[in-house]
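Containing mmCIF, N, CA and C atoms: my_file-v2.cif.
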data_start
#
loop_
_atom_site.label_atom_id
_atom_site.label_comp_id
_atom_site.auth_asym_id
_atom_site.auth_seq_id
_atom_site.Cartn_x
_atom_site.Cartn_y
_atom_site.Cartn_z
N MET A 283 39.35 -3.16 28.02
CA MET A 283 38.77 -4.18 27.19
C MET A 283 38.08 -3.49 26.01
N SER A 284 38.30 -4.00 24.83
CA SER A 284 37.74 -3.46 23.60
C SER A 284 36.46 -4.19 23.23
N VAL A 285 35.39 -3.43 23.03
CA VAL A 285 34.07 -4.01 22.79
C VAL A 285 33.51 -3.52 21.46
N PHE A 286 32.90 -4.44 20.73
CA PHE A 286 32.21 -4.13 19.48
C PHE A 286 30.73 -4.42 19.67
N LEU A 287 29.87 -3.50 19.23
CA LEU A 287 28.44 -3.60 19.45
C LEU A 287 27.69 -3.72 18.14
N VAL A 288 26.78 -4.69 18.08
CA VAL A 288 25.88 -4.85 16.93
C VAL A 288 24.46 -4.68 17.45
N GLU A 289 23.87 -3.53 17.16
CA GLU A 289 22.52 -3.18 17.62
C GLU A 289 21.92 -2.22 16.61
N ASP A 290 20.71 -2.50 16.14
CA ASP A 290 20.13 -1.68 15.08
C ASP A 290 19.40 -0.43 15.55
N ILE A 291 19.05 -0.34 16.81
CA ILE A 291 18.33 0.83 17.30
C ILE A 291 19.33 1.82 17.90
N ALA A 292 19.46 2.98 17.25
CA ALA A 292 20.48 3.96 17.63
C ALA A 292 20.34 4.40 19.09
N ALA A 293 19.14 4.60 19.57
CA ALA A 293 18.95 5.04 20.95
C ALA A 293 19.45 4.00 21.95
N ILE A 294 19.23 2.74 21.65
CA ILE A 294 19.74 1.67 22.53
C ILE A 294 21.26 1.63 22.46
N ARG A 295 21.82 1.74 21.24
CA ARG A 295 23.29 1.77 21.10
C ARG A 295 23.88 2.89 21.96
N ASP A 296 23.34 4.10 21.81
CA ASP A 296 23.88 5.25 22.53
C ASP A 296 23.78 5.07 24.05
N THR A 297 22.63 4.62 24.51
CA THR A 297 22.43 4.41 25.95
C THR A 297 23.36 3.33 26.48
N LEU A 298 23.46 2.24 25.75
CA LEU A 298 24.31 1.13 26.18
C LEU A 298 25.78 1.55 26.23
N ILE A 299 26.24 2.23 25.21
CA ILE A 299 27.63 2.67 25.17
C ILE A 299 27.93 3.61 26.33
N GLU A 300 27.08 4.60 26.52
CA GLU A 300 27.31 5.57 27.59
C GLU A 300 27.30 4.91 28.96
N GLY A 301 26.30 4.07 29.21
CA GLY A 301 26.19 3.42 30.51
C GLY A 301 27.28 2.40 30.77
N MET A 302 27.57 1.57 29.79
CA MET A 302 28.57 0.52 29.98
C MET A 302 29.97 1.09 30.19
N GLU A 303 30.31 2.15 29.45
CA GLU A 303 31.64 2.73 29.62
C GLU A 303 31.82 3.36 31.00
N GLU A 304 30.71 3.74 31.64
CA GLU A 304 30.79 4.28 33.00
C GLU A 304 30.87 3.17 34.05
N LEU A 305 30.25 2.02 33.77
CA LEU A 305 30.12 0.98 34.78
C LEU A 305 31.16 -0.13 34.72
N ALA A 306 31.78 -0.30 33.59
CA ALA A 306 32.71 -1.42 33.43
C ALA A 306 34.00 -0.92 32.77
N PRO A 307 35.11 -1.64 33.00
CA PRO A 307 36.39 -1.24 32.41
C PRO A 307 36.47 -1.63 30.93
N LEU A 308 35.79 -0.85 30.09
CA LEU A 308 35.75 -1.18 28.68
C LEU A 308 35.65 0.09 27.84
N GLN A 309 35.93 -0.11 26.56
CA GLN A 309 35.80 0.97 25.59
C GLN A 309 35.22 0.37 24.31
N PHE A 310 34.19 1.02 23.79
CA PHE A 310 33.62 0.55 22.54
C PHE A 310 34.51 0.99 21.39
N VAL A 311 34.92 0.03 20.58
CA VAL A 311 35.82 0.31 19.45
C VAL A 311 35.08 0.34 18.13
N GLY A 312 33.80 0.02 18.16
CA GLY A 312 32.99 0.05 16.96
C GLY A 312 31.56 -0.29 17.26
N GLN A 313 30.69 0.15 16.35
CA GLN A 313 29.27 -0.15 16.49
C GLN A 313 28.64 -0.13 15.11
N VAL A 314 27.76 -1.06 14.87
CA VAL A 314 27.04 -1.12 13.61
C VAL A 314 25.60 -1.56 13.90
N GLY A 315 24.74 -1.39 12.89
CA GLY A 315 23.34 -1.72 13.06
C GLY A 315 22.85 -2.90 12.27
N GLY A 316 23.72 -3.53 11.46
CA GLY A 316 23.27 -4.63 10.63
C GLY A 316 24.32 -5.71 10.47
N GLU A 317 23.88 -6.85 9.95
CA GLU A 317 24.76 -8.00 9.80
C GLU A 317 25.88 -7.76 8.79
N THR A 318 25.57 -7.18 7.64
CA THR A 318 26.60 -6.96 6.62
C THR A 318 27.71 -6.06 7.14
N ALA A 319 27.34 -4.97 7.78
CA ALA A 319 28.34 -4.06 8.35
C ALA A 319 29.16 -4.76 9.43
N ALA A 320 28.52 -5.61 10.23
CA ALA A 320 29.25 -6.36 11.26
C ALA A 320 30.25 -7.32 10.63
N ARG A 321 29.82 -8.03 9.60
CA ARG A 321 30.73 -8.95 8.91
C ARG A 321 31.94 -8.20 8.36
N GLN A 322 31.70 -7.05 7.76
CA GLN A 322 32.81 -6.25 7.21
C GLN A 322 33.74 -5.80 8.32
N TRP A 323 33.19 -5.37 9.45
CA TRP A 323 34.02 -4.90 10.56
C TRP A 323 34.89 -6.06 11.09
N PHE A 324 34.28 -7.21 11.31
CA PHE A 324 35.05 -8.35 11.82
C PHE A 324 36.12 -8.80 10.82
N ASP A 325 35.84 -8.72 9.53
CA ASP A 325 36.84 -9.09 8.52
C ASP A 325 38.09 -8.23 8.60
N THR A 326 37.93 -6.95 8.92
CA THR A 326 39.09 -6.05 8.97
C THR A 326 39.63 -5.82 10.37
N ASN A 327 38.95 -6.33 11.39
CA ASN A 327 39.36 -6.11 12.78
C ASN A 327 39.40 -7.42 13.56
N HIS A 328 39.83 -8.48 12.92
CA HIS A 328 39.78 -9.81 13.53
C HIS A 328 40.41 -9.85 14.92
N ASP A 329 41.52 -9.17 15.11
CA ASP A 329 42.26 -9.25 16.37
C ASP A 329 42.00 -8.07 17.31
N ASN A 330 41.21 -7.10 16.90
CA ASN A 330 41.12 -5.83 17.62
C ASN A 330 39.90 -5.69 18.51
N TRP A 331 39.45 -6.79 19.07
CA TRP A 331 38.32 -6.74 20.00
C TRP A 331 38.44 -7.87 21.01
N ASP A 332 37.84 -7.63 22.17
CA ASP A 332 37.85 -8.61 23.25
C ASP A 332 36.46 -9.17 23.52
N LEU A 333 35.44 -8.35 23.23
CA LEU A 333 34.06 -8.74 23.49
C LEU A 333 33.17 -8.17 22.40
N ALA A 334 32.26 -9.00 21.91
CA ALA A 334 31.23 -8.53 20.99
C ALA A 334 29.88 -8.69 21.68
N ILE A 335 29.08 -7.63 21.61
CA ILE A 335 27.71 -7.66 22.14
C ILE A 335 26.79 -7.59 20.92
N VAL A 336 25.94 -8.60 20.77
CA VAL A 336 25.17 -8.76 19.54
C VAL A 336 23.67 -8.85 19.85
N ASP A 337 22.90 -8.00 19.18
CA ASP A 337 21.44 -8.12 19.19
C ASP A 337 21.07 -9.16 18.14
N LEU A 338 19.96 -9.84 18.32
CA LEU A 338 19.58 -10.89 17.38
C LEU A 338 18.81 -10.40 16.17
N PHE A 339 17.82 -9.57 16.41
CA PHE A 339 16.94 -9.16 15.32
C PHE A 339 17.32 -7.76 14.88
N LEU A 340 17.91 -7.69 13.70
CA LEU A 340 18.47 -6.45 13.16
C LEU A 340 17.63 -6.00 11.97
N THR A 341 17.75 -4.73 11.63
CA THR A 341 17.04 -4.22 10.47
C THR A 341 17.51 -4.92 9.21
N GLU A 342 18.80 -5.19 9.13
CA GLU A 342 19.39 -5.88 7.98
C GLU A 342 20.13 -7.11 8.48
N GLY A 343 19.73 -8.27 8.01
CA GLY A 343 20.37 -9.49 8.45
C GLY A 343 19.91 -9.86 9.85
N SER A 344 20.74 -10.66 10.52
CA SER A 344 20.38 -11.08 11.89
C SER A 344 21.64 -11.30 12.72
N GLY A 345 21.42 -11.30 14.01
CA GLY A 345 22.51 -11.59 14.93
C GLY A 345 22.99 -13.03 14.81
N PHE A 346 22.14 -13.92 14.30
CA PHE A 346 22.57 -15.30 14.10
C PHE A 346 23.72 -15.37 13.09
N GLY A 347 23.63 -14.57 12.03
CA GLY A 347 24.70 -14.50 11.05
C GLY A 347 25.97 -13.93 11.65
N VAL A 348 25.82 -12.96 12.54
CA VAL A 348 26.98 -12.37 13.22
C VAL A 348 27.63 -13.43 14.12
N LEU A 349 26.82 -14.19 14.83
CA LEU A 349 27.36 -15.25 15.69
C LEU A 349 28.17 -16.25 14.87
N LYS A 350 27.69 -16.58 13.68
CA LYS A 350 28.42 -17.52 12.82
C LYS A 350 29.79 -16.97 12.45
N VAL A 351 29.86 -15.68 12.13
CA VAL A 351 31.14 -15.04 11.80
C VAL A 351 32.09 -15.10 13.00
N CYS A 352 31.54 -14.94 14.18
CA CYS A 352 32.36 -14.90 15.39
C CYS A 352 32.84 -16.27 15.86
N GLN A 353 32.39 -17.32 15.19
CA GLN A 353 32.87 -18.65 15.58
C GLN A 353 34.37 -18.78 15.36
N ALA A 354 34.92 -18.08 14.40
CA ALA A 354 36.36 -18.09 14.14
C ALA A 354 36.98 -16.93 14.90
N ARG A 355 37.20 -17.14 16.18
CA ARG A 355 37.75 -16.08 17.03
C ARG A 355 38.82 -16.66 17.94
N HIS A 356 39.60 -15.75 18.52
CA HIS A 356 40.65 -16.15 19.46
C HIS A 356 40.02 -16.62 20.78
N PRO A 357 40.74 -17.43 21.52
CA PRO A 357 40.20 -17.93 22.80
C PRO A 357 39.83 -16.82 23.79
N TRP A 358 40.54 -15.69 23.75
CA TRP A 358 40.24 -14.63 24.70
C TRP A 358 39.03 -13.79 24.28
N GLN A 359 38.57 -13.91 23.06
CA GLN A 359 37.45 -13.12 22.57
C GLN A 359 36.13 -13.79 22.94
N LYS A 360 35.24 -13.02 23.53
CA LYS A 360 33.94 -13.52 23.95
C LYS A 360 32.84 -12.83 23.15
N VAL A 361 31.74 -13.55 22.97
CA VAL A 361 30.58 -13.02 22.27
C VAL A 361 29.35 -13.26 23.13
N VAL A 362 28.61 -12.19 23.38
CA VAL A 362 27.38 -12.30 24.14
C VAL A 362 26.23 -11.76 23.31
N VAL A 363 25.06 -12.28 23.57
CA VAL A 363 23.84 -11.82 22.91
C VAL A 363 23.07 -10.98 23.92
N LEU A 364 22.59 -9.82 23.47
CA LEU A 364 21.73 -8.96 24.28
C LEU A 364 20.45 -8.79 23.47
N THR A 365 19.37 -9.39 23.96
CA THR A 365 18.14 -9.45 23.18
C THR A 365 16.92 -9.21 24.04
N SER A 366 15.83 -8.87 23.41
CA SER A 366 14.57 -8.72 24.14
C SER A 366 13.72 -9.99 24.02
N HIS A 367 14.24 -10.99 23.37
CA HIS A 367 13.51 -12.25 23.19
C HIS A 367 13.95 -13.26 24.25
N SER A 368 13.01 -14.09 24.66
CA SER A 368 13.34 -15.04 25.73
C SER A 368 12.87 -16.47 25.43
N GLN A 369 12.52 -16.75 24.17
CA GLN A 369 12.11 -18.11 23.84
C GLN A 369 13.31 -19.05 23.96
N LYS A 370 13.08 -20.15 24.64
CA LYS A 370 14.17 -21.10 24.91
C LYS A 370 14.85 -21.58 23.63
N ASN A 371 14.09 -21.85 22.59
CA ASN A 371 14.71 -22.37 21.36
C ASN A 371 15.64 -21.33 20.72
N ILE A 372 15.30 -20.06 20.83
CA ILE A 372 16.17 -19.01 20.29
C ILE A 372 17.44 -18.91 21.12
N LEU A 373 17.30 -18.94 22.44
CA LEU A 373 18.47 -18.84 23.31
C LEU A 373 19.38 -20.05 23.14
N ASP A 374 18.80 -21.22 23.01
CA ASP A 374 19.59 -22.44 22.77
C ASP A 374 20.34 -22.35 21.44
N HIS A 375 19.67 -21.80 20.42
CA HIS A 375 20.31 -21.64 19.11
C HIS A 375 21.52 -20.69 19.21
N CYS A 376 21.39 -19.64 20.00
CA CYS A 376 22.51 -18.71 20.21
C CYS A 376 23.70 -19.44 20.80
N ARG A 377 23.45 -20.24 21.81
CA ARG A 377 24.54 -20.99 22.45
C ARG A 377 25.15 -22.01 21.48
N ALA A 378 24.30 -22.64 20.67
CA ALA A 378 24.80 -23.60 19.69
C ALA A 378 25.69 -22.92 18.64
N LEU A 379 25.42 -21.64 18.37
CA LEU A 379 26.24 -20.89 17.42
C LEU A 379 27.48 -20.28 18.06
N GLY A 380 27.67 -20.51 19.37
CA GLY A 380 28.90 -20.07 20.01
C GLY A 380 28.79 -18.90 20.96
N ALA A 381 27.60 -18.42 21.25
CA ALA A 381 27.46 -17.33 22.21
C ALA A 381 27.93 -17.81 23.58
N ASP A 382 28.75 -16.99 24.22
CA ASP A 382 29.25 -17.34 25.55
C ASP A 382 28.17 -17.14 26.62
N GLU A 383 27.33 -16.13 26.41
CA GLU A 383 26.22 -15.85 27.32
C GLU A 383 25.11 -15.19 26.53
N VAL A 384 23.90 -15.27 27.06
CA VAL A 384 22.74 -14.59 26.49
C VAL A 384 22.09 -13.78 27.59
N PHE A 385 21.88 -12.48 27.34
CA PHE A 385 21.30 -11.58 28.33
C PHE A 385 20.04 -10.94 27.76
N HIS A 386 19.05 -10.73 28.63
CA HIS A 386 17.81 -10.07 28.23
C HIS A 386 17.97 -8.56 28.45
N LYS A 387 17.58 -7.78 27.44
CA LYS A 387 17.76 -6.33 27.49
C LYS A 387 17.08 -5.69 28.70
N ALA A 388 15.92 -6.17 29.06
CA ALA A 388 15.17 -5.53 30.14
C ALA A 388 15.57 -6.02 31.52
N ALA A 389 15.99 -7.26 31.62
CA ALA A 389 16.19 -7.85 32.95
C ALA A 389 17.64 -8.13 33.33
N ASP A 390 18.55 -8.18 32.36
CA ASP A 390 19.89 -8.70 32.65
C ASP A 390 21.04 -7.72 32.43
N VAL A 391 20.76 -6.43 32.38
CA VAL A 391 21.85 -5.47 32.12
C VAL A 391 22.90 -5.53 33.23
N ASP A 392 22.46 -5.69 34.48
CA ASP A 392 23.42 -5.82 35.59
C ASP A 392 24.29 -7.06 35.41
N LYS A 393 23.70 -8.14 34.94
CA LYS A 393 24.46 -9.37 34.69
C LYS A 393 25.46 -9.15 33.55
N LEU A 394 25.07 -8.38 32.55
CA LEU A 394 25.99 -8.06 31.45
C LEU A 394 27.17 -7.25 31.98
N VAL A 395 26.91 -6.27 32.82
CA VAL A 395 27.99 -5.47 33.42
C VAL A 395 28.92 -6.37 34.22
N ASP A 396 28.36 -7.28 35.02
CA ASP A 396 29.18 -8.21 35.79
C ASP A 396 30.03 -9.09 34.88
N PHE A 397 29.44 -9.57 33.78
CA PHE A 397 30.18 -10.37 32.81
C PHE A 397 31.35 -9.57 32.24
N CYS A 398 31.09 -8.32 31.89
CA CYS A 398 32.15 -7.46 31.33
C CYS A 398 33.27 -7.25 32.33
N ARG A 399 32.93 -6.99 33.56
CA ARG A 399 33.96 -6.81 34.60
C ARG A 399 34.78 -8.08 34.77
N SER A 400 34.12 -9.22 34.81
CA SER A 400 34.81 -10.49 34.98
C SER A 400 35.73 -10.78 33.78
N HIS A 401 35.23 -10.52 32.58
CA HIS A 401 36.04 -10.78 31.40
C HIS A 401 37.25 -9.83 31.36
N ALA A 402 37.05 -8.58 31.72
CA ALA A 402 38.16 -7.62 31.76
C ALA A 402 39.22 -8.07 32.76
N HIS A 403 38.77 -8.55 33.91
CA HIS A 403 39.72 -9.05 34.92
C HIS A 403 40.47 -10.27 34.37
N HIS A 404 39.76 -11.16 33.72
CA HIS A 404 40.39 -12.35 33.13
C HIS A 404 41.43 -11.95 32.08
N LEU A 405 41.08 -10.97 31.24
CA LEU A 405 42.02 -10.52 30.19
C LEU A 405 43.30 -9.97 30.79
N ALA A 406 43.19 -9.34 31.95
CA ALA A 406 44.37 -8.76 32.60
C ALA A 406 45.31 -9.82 33.14
N THR A 407 44.83 -11.06 33.26
CA THR A 407 45.66 -12.10 33.86
C THR A 407 46.23 -13.10 32.86
N ILE A 408 45.86 -12.98 31.59
CA ILE A 408 46.32 -13.97 30.61
C ILE A 408 47.15 -13.29 29.52
N PRO A 409 48.13 -14.01 28.97
CA PRO A 409 48.83 -13.49 27.81
C PRO A 409 47.97 -13.70 26.57
N ARG A 410 47.94 -12.70 25.72
CA ARG A 410 47.18 -12.82 24.46
C ARG A 410 48.16 -12.77 23.32
N THR A 411 48.13 -13.84 22.52
CA THR A 411 48.99 -13.90 21.34
C THR A 411 48.13 -14.01 20.10
N VAL A 412 48.51 -13.25 19.12
CA VAL A 412 47.82 -13.30 17.83
C VAL A 412 48.68 -14.11 16.89
N GLN A 413 48.08 -15.14 16.31
CA GLN A 413 48.85 -15.99 15.39
C GLN A 413 48.23 -15.97 14.03
#
Would you mind giving the structure from this file in structure tokens?
Amino acid sequence: MSVFLVEDIAAIRDTLIEGMEELAPLQFVGQVGGETAARQWFDTNHDNWDLAIVDLFLTEGSGFGVLKVCQARHPWQKVVVLTSHSQKNILDHCRALGADEVFHKAADVDKLVDFCRSHAHHLATIPRTVQ
């Protein structure tokens, strides 16, 4: 499974990439720290990802803008938010913008790994066509 990561803190990016690639059947195909770079990546890689992991509060732009870009995606592509914020209105806004799941950085990493495993298994059972 191909994963794209949007996270502005380099140490978190590095730790997440290293840990997730060991725990789940996935490979990170790109990583950026801001909204503009994420938009550019999605513009040129529309079909080349299966899962996007997005932080909400970025040094440049926001994860909300990234979620908006991801609304135009294939049915097999999933977008999850990984954030340290837990206010209900923020989480509800993420779901309204199309996030498939929202995970808390401190409490839900195991749930994120389970989601990745489940999505990878699902991808292995469905035909994916790019139109």
Please evaluate the PyMOL selection byres ((chain A and resi 311-316) around 8) against the structure above and give the resulting residues as a PyMOL selection string. chain A and resi 283-292+295+308-310+317-322+330-331+339-345+348
Check which residues satisfy the PyMOL selection byres (((chain A and resi 354 and name CA) around 12) and name CA) in the file shown, then give them as JSON, numbers by chain. {"A": [321, 324, 325, 328, 329, 348, 349, 350, 351, 352, 353, 355, 356, 357, 358, 359, 360, 361, 379, 380]}
Please provide the set of residues having any atom within 8 Å of Ser400 (chain A), restricted to only N, CA and C atoms, with same-chain residues fewer than 6 positions apart removed, written as a PyMOL selection string. chain A and resi 307+394+406
Would you give me, as a PyMOL selection string, the residues in region 330-367 of chain A that DSSP reads as strand (DSSP E or B)? chain A and resi 333-336+339+342+344+360-365
Go ahead and save the picked residues with N, CA and C atoms, as a tab-separated table (two decimals), in the coordinates of the input.
chain	number	residue	atom	x	y	z
A	333	LEU	N	35.44	-8.35	23.23
A	333	LEU	CA	34.06	-8.74	23.49
A	333	LEU	C	33.17	-8.17	22.40
A	334	ALA	N	32.26	-9.00	21.91
A	334	ALA	CA	31.23	-8.53	20.99
A	334	ALA	C	29.88	-8.69	21.68
A	335	ILE	N	29.08	-7.63	21.61
A	335	ILE	CA	27.71	-7.66	22.14
A	335	ILE	C	26.79	-7.59	20.92
A	336	VAL	N	25.94	-8.60	20.77
A	336	VAL	CA	25.17	-8.76	19.54
A	336	VAL	C	23.67	-8.85	19.85
A	339	PHE	N	17.82	-9.57	16.41
A	339	PHE	CA	16.94	-9.16	15.32
A	339	PHE	C	17.32	-7.76	14.88
A	342	GLU	N	18.80	-5.19	9.13
A	342	GLU	CA	19.39	-5.88	7.98
A	342	GLU	C	20.13	-7.11	8.48
A	344	SER	N	20.74	-10.66	10.52
A	344	SER	CA	20.38	-11.08	11.89
A	344	SER	C	21.64	-11.30	12.72
A	360	LYS	N	35.24	-13.02	23.53
A	360	LYS	CA	33.94	-13.52	23.95
A	360	LYS	C	32.84	-12.83	23.15
A	361	VAL	N	31.74	-13.55	22.97
A	361	VAL	CA	30.58	-13.02	22.27
A	361	VAL	C	29.35	-13.26	23.13
A	362	VAL	N	28.61	-12.19	23.38
A	362	VAL	CA	27.38	-12.30	24.14
A	362	VAL	C	26.23	-11.76	23.31
A	363	VAL	N	25.06	-12.28	23.57
A	363	VAL	CA	23.84	-11.82	22.91
A	363	VAL	C	23.07	-10.98	23.92
A	364	LEU	N	22.59	-9.82	23.47
A	364	LEU	CA	21.73	-8.96	24.28
A	364	LEU	C	20.45	-8.79	23.47
A	365	THR	N	19.37	-9.39	23.96
A	365	THR	CA	18.14	-9.45	23.18
A	365	THR	C	16.92	-9.21	24.04
For a quick check of understanding, using only C-alpha atoms, which of A:Leu305, A:Ala293, A:Ile299, A:Val336 has the smallest distance to Asp392 (chain A)?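 When distances to Asp392 (chain A) are compared using only C-alpha atoms, the smallest one comes from A:Leu305.
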Step by step, gather every atom of region 334-344 of chain A that the file lists, find the box along x, y and z that holds them, add 5 Å on each side, and finally give centre and edge lengths in Å to one decimal, as AutoDock Vina command-line options.
--center_x 24.6 --center_y -7.8 --center_z 15.1 --size_x 25.3 --size_y 17.1 --size_z 24.2
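The neighbours of Ile372 (chain A) here are the residues that come within 12 Å of it, using only C-alpha atoms and leaving out any residue fewer than 6 positions away in the same chain; they are A:Leu338, A:Phe339, A:Gly345, A:Phe346, A:Val363, A:Thr365, A:Ser366, A:Ala378, A:Leu379, A:Ala381, A:Val384.
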Here's a test: counting all atoms listed in the file, identify every protein, DNA and RNA residue with an atom at most 5 Å from (34.9, -7.7, 27.2) in the file's coordinate frame, and state them as a ChimeraX atom specification. /A:332-333,398
Kindly indicate which residue among A:Ile408, A:Val391, A:Val362, A:Cys376 lies nearest to Leu298 (chain A), using only C-alpha atoms for the distances.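 Closest to Leu298 (chain A) of all the choices is A:Val391.
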Going by DSSP on the backbone, which residues of region 305-412 of chain A come out as helix (DSSP H, G or I)? List them as a ChimeraX atom specification. /A:305,317-326,345-351,370-378,391-407
One decimal, Å: what's the distance from CA of Phe385 (chain A) over to CA of Arg399 (chain A), could you say?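 Separation of CA of Phe385 (chain A) and CA of Arg399 (chain A): 14.9 Å.
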What would region 357-365 of chain A look like with all heavy atoms restored, written as a PDB file, in the frame of the given file?
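Below is the file part_27.pdb, written as the result:
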ATOM      1  N   PRO A 357      40.740 -17.430  21.520  1.00  0.00           N
ATOM      2  CA  PRO A 357      40.200 -17.930  22.800  1.00  0.00           C
ATOM      3  C   PRO A 357      39.830 -16.820  23.790  1.00  0.00           C
ATOM      4  O   PRO A 357      38.918 -16.990  24.591  1.00  0.00           O
ATOM      5  CB  PRO A 357      41.316 -18.806  23.358  1.00  0.00           C
ATOM      6  CG  PRO A 357      42.126 -19.204  22.178  1.00  0.00           C
ATOM      7  CD  PRO A 357      42.033 -18.062  21.203  1.00  0.00           C
ATOM      8  N   TRP A 358      40.540 -15.690  23.750  1.00  0.00           N
ATOM      9  CA  TRP A 358      40.240 -14.630  24.700  1.00  0.00           C
ATOM     10  C   TRP A 358      39.030 -13.790  24.280  1.00  0.00           C
ATOM     11  O   TRP A 358      38.502 -13.013  25.077  1.00  0.00           O
ATOM     12  CB  TRP A 358      41.456 -13.709  24.909  1.00  0.00           C
ATOM     13  CG  TRP A 358      41.703 -12.758  23.774  1.00  0.00           C
ATOM     14  CD1 TRP A 358      41.050 -11.577  23.533  1.00  0.00           C
ATOM     15  CD2 TRP A 358      42.663 -12.889  22.731  1.00  0.00           C
ATOM     16  NE1 TRP A 358      41.547 -10.981  22.404  1.00  0.00           N
ATOM     17  CE2 TRP A 358      42.548 -11.759  21.888  1.00  0.00           C
ATOM     18  CE3 TRP A 358      43.626 -13.846  22.425  1.00  0.00           C
ATOM     19  CZ2 TRP A 358      43.345 -11.572  20.767  1.00  0.00           C
ATOM     20  CZ3 TRP A 358      44.413 -13.644  21.312  1.00  0.00           C
ATOM     21  CH2 TRP A 358      44.269 -12.524  20.505  1.00  0.00           C
ATOM     22  N   GLN A 359      38.570 -13.910  23.060  1.00  0.00           N
ATOM     23  CA  GLN A 359      37.450 -13.120  22.570  1.00  0.00           C
ATOM     24  C   GLN A 359      36.130 -13.790  22.940  1.00  0.00           C
ATOM     25  O   GLN A 359      35.939 -14.973  22.696  1.00  0.00           O
ATOM     26  CB  GLN A 359      37.539 -12.925  21.058  1.00  0.00           C
ATOM     27  CG  GLN A 359      38.736 -12.086  20.660  1.00  0.00           C
ATOM     28  CD  GLN A 359      38.973 -12.069  19.166  1.00  0.00           C
ATOM     29  OE1 GLN A 359      38.871 -13.094  18.496  1.00  0.00           O
ATOM     30  NE2 GLN A 359      39.298 -10.893  18.638  1.00  0.00           N
ATOM     31  N   LYS A 360      35.240 -13.020  23.530  1.00  0.00           N
ATOM     32  CA  LYS A 360      33.940 -13.520  23.950  1.00  0.00           C
ATOM     33  C   LYS A 360      32.840 -12.830  23.150  1.00  0.00           C
ATOM     34  O   LYS A 360      32.970 -11.678  22.738  1.00  0.00           O
ATOM     35  CB  LYS A 360      33.706 -13.267  25.451  1.00  0.00           C
ATOM     36  CG  LYS A 360      34.744 -13.919  26.350  1.00  0.00           C
ATOM     37  CD  LYS A 360      34.688 -15.422  26.272  1.00  0.00           C
ATOM     38  CE  LYS A 360      35.724 -16.072  27.180  1.00  0.00           C
ATOM     39  NZ  LYS A 360      35.856 -17.483  26.935  1.00  0.00           N
ATOM     40  N   VAL A 361      31.740 -13.550  22.970  1.00  0.00           N
ATOM     41  CA  VAL A 361      30.580 -13.020  22.270  1.00  0.00           C
ATOM     42  C   VAL A 361      29.350 -13.260  23.130  1.00  0.00           C
ATOM     43  O   VAL A 361      29.108 -14.384  23.577  1.00  0.00           O
ATOM     44  CB  VAL A 361      30.383 -13.698  20.900  1.00  0.00           C
ATOM     45  CG1 VAL A 361      29.143 -13.155  20.204  1.00  0.00           C
ATOM     46  CG2 VAL A 361      31.614 -13.513  20.032  1.00  0.00           C
ATOM     47  N   VAL A 362      28.610 -12.190  23.380  1.00  0.00           N
ATOM     48  CA  VAL A 362      27.380 -12.300  24.140  1.00  0.00           C
ATOM     49  C   VAL A 362      26.230 -11.760  23.310  1.00  0.00           C
ATOM     50  O   VAL A 362      26.412 -10.888  22.452  1.00  0.00           O
ATOM     51  CB  VAL A 362      27.446 -11.587  25.501  1.00  0.00           C
ATOM     52  CG1 VAL A 362      28.547 -12.181  26.367  1.00  0.00           C
ATOM     53  CG2 VAL A 362      27.630 -10.090  25.347  1.00  0.00           C
ATOM     54  N   VAL A 363      25.060 -12.280  23.570  1.00  0.00           N
ATOM     55  CA  VAL A 363      23.840 -11.820  22.910  1.00  0.00           C
ATOM     56  C   VAL A 363      23.070 -10.980  23.920  1.00  0.00           C
ATOM     57  O   VAL A 363      22.921 -11.375  25.083  1.00  0.00           O
ATOM     58  CB  VAL A 363      22.992 -13.010  22.428  1.00  0.00           C
ATOM     59  CG1 VAL A 363      21.623 -12.556  21.946  1.00  0.00           C
ATOM     60  CG2 VAL A 363      23.734 -13.765  21.337  1.00  0.00           C
ATOM     61  N   LEU A 364      22.590  -9.820  23.470  1.00  0.00           N
ATOM     62  CA  LEU A 364      21.730  -8.960  24.280  1.00  0.00           C
ATOM     63  C   LEU A 364      20.450  -8.790  23.470  1.00  0.00           C
ATOM     64  O   LEU A 364      20.443  -8.157  22.419  1.00  0.00           O
ATOM     65  CB  LEU A 364      22.405  -7.613  24.534  1.00  0.00           C
ATOM     66  CG  LEU A 364      21.638  -6.642  25.427  1.00  0.00           C
ATOM     67  CD1 LEU A 364      21.446  -7.230  26.824  1.00  0.00           C
ATOM     68  CD2 LEU A 364      22.374  -5.309  25.515  1.00  0.00           C
ATOM     69  N   THR A 365      19.370  -9.390  23.960  1.00  0.00           N
ATOM     70  CA  THR A 365      18.140  -9.450  23.180  1.00  0.00           C
ATOM     71  C   THR A 365      16.920  -9.210  24.040  1.00  0.00           C
ATOM     72  O   THR A 365      16.993  -9.332  25.274  1.00  0.00           O
ATOM     73  CB  THR A 365      18.027 -10.830  22.469  1.00  0.00           C
ATOM     74  OG1 THR A 365      16.879 -10.826  21.632  1.00  0.00           O
ATOM     75  CG2 THR A 365      17.946 -11.969  23.458  1.00  0.00           C
TER      76      THR A 365
END
